[in-house]
Amino acid sequence: MKWSGSKNSQSKDILKYIPKQLDKYYEPFTGGGSIFLTLLENEEYDIKEYFISDFNEDLINIYNLIKNDPNILIEKYKEHYINFNNSGMQGRKDYFNKIRKIYNETHDPCDFYWIMRTTTNGMPRYNRSGGFNNSCHFTRPGMKHEMVEKMVLKYSKLFNENNIHFNHNSYCDVDIDGFMYLDPPYENTKGMYFGMFDNGEFIKWLNNCENKWILSYDGKKNDEEIIHVFPKYETHKYLESGNSSFRRILTDKDHTMIHESIYMNF
């Protein structure tokens, strides 16, 4: 998945703190799935059961489609890719807007997958009515359909070789006794994600949770600390995340260097 807020660049550092053997692994804000996908690819980790969820049902439908019927996604993406790139700049905009309108009416996961690979900054942005409203990154053609096919088939195989449950849930609706990695919406991005999210209520829930957990959260920009509600934690680390796409949109500046925090209750 192309998804803003991806932890792909930090995944190896975060994995250092995840135990090598686990019965149950829980990731309730999966987004682009950088951490659990890296775990699946790493043979050093022996995880018996994965519980992967997100409040965005259309996102979870993509993961289930990759697992259960990847060729449908592959063929639809190829169709979109060819149609999108067979026209000029205005044609790309028009095609994107047409598919975005269809997606908002039908919620077809194939359309959503293609939209997320061609929308500006990979940003899953919605209006107050729940309609996807981010614009087209029309100067880019999107990932070539041959590459998408290889990637989708690769992860479909991994999904079926491992015991993975993809569920549409809020973080507070899933009750498991296992290890958790959490990457919730940050306080500075309030209102830019799907649905409403109360950071204070989330921290209260986390402080009452008995599982071991790692939390990715607001850290600092340049040398300035970002003020937010802290969870109860034992360990705190900073991880460099480069130039945040959220902050580019919020501040219209390209030079902000972000160091995100990870908190652990162990």
# chains A, B, ... in the order shown; residues from 1 in each chain; ligands from 1

$ residues_around --residues "A:Lys67" --least-positions-apart "3" --cutoff "7 Å" --atoms "only C-alpha atoms" --output "MDAnalysis selection string"
chainID A and resid 63:64 70 156 159:160

$ atom_distance --atom1 "atom CA of A:Asp13" --atom2 "atom CA of A:Tyr155"
21.8 Å

$ residues_around --residues "A:Thr235" --least-positions-apart "3" --cutoff "7 Å" --atoms "only C-alpha atoms" --output "PyMOL selection string"
chain A and resi 263-266

$ select_by_dssp --residues "stretch 8-247 of chain A" --states "strand (DSSP E)" --output "VMD selection string"
chain A and resid 21 to 27 46 to 54 164 to 168 179 to 182 213 to 221 224 to 225 235 to 242

$ atom_distance --atom1 "atom CA of A:Ile115" --atom2 "atom CA of A:Tyr181"
26.8 Å

$ closest_residue --among "A:Ser87, A:Thr106, A:Asn162, A:Ser216" --to "A:Ser241" --atoms "only C-alpha atoms"
A:Ser216

$ closest_residue --among "A:Glu224, A:Ser4, A:Glu75, A:Tyr186" --to "A:Arg125" --atoms "only C-alpha atoms"
A:Ser4

$ residues_around --residues "stretch 41-50 of chain A" --least-positions-apart "3" --cutoff "12 Å" --atoms "only C-alpha atoms" --output "ChimeraX atom specification"
/A:11-12,15-28,30,34-38,53,154-155,157-167,176-181

$ residues_around --residues "A:Gly91" --least-positions-apart "6" --cutoff "12 Å" --atoms "only C-alpha atoms" --output "list in words"
Asn83, Phe84, Asn85, Asn97, Lys98, Cys136, Phe138 and Thr139 of chain A

$ atom_distance --atom1 "atom CA of A:Ile74" --atom2 "atom CA of A:His145"
7.5 Å

$ closest_residue --among "A:Lys204, A:Arg92, A:His259, A:His168" --to "A:Lys232" --atoms "only C-alpha atoms"
A:Lys204

$ closest_residue --among "A:Lys237, A:His107, A:Lys7, A:Lys76" --to "A:Val148" --atoms "only C-alpha atoms"
A:Lys76

$ select_by_dssp --residues "stretch 15-134 of chain A" --states "helix (DSSP H, G or I)" --output "ChimeraX atom specification"
/A:15,34-41,57-68,70-85,89-106,109-118,120-122

$ residues_around --residues "A:Asp111" --least-positions-apart "4" --cutoff "12 Å" --atoms "only C-alpha atoms" --output "count of residues only"
33
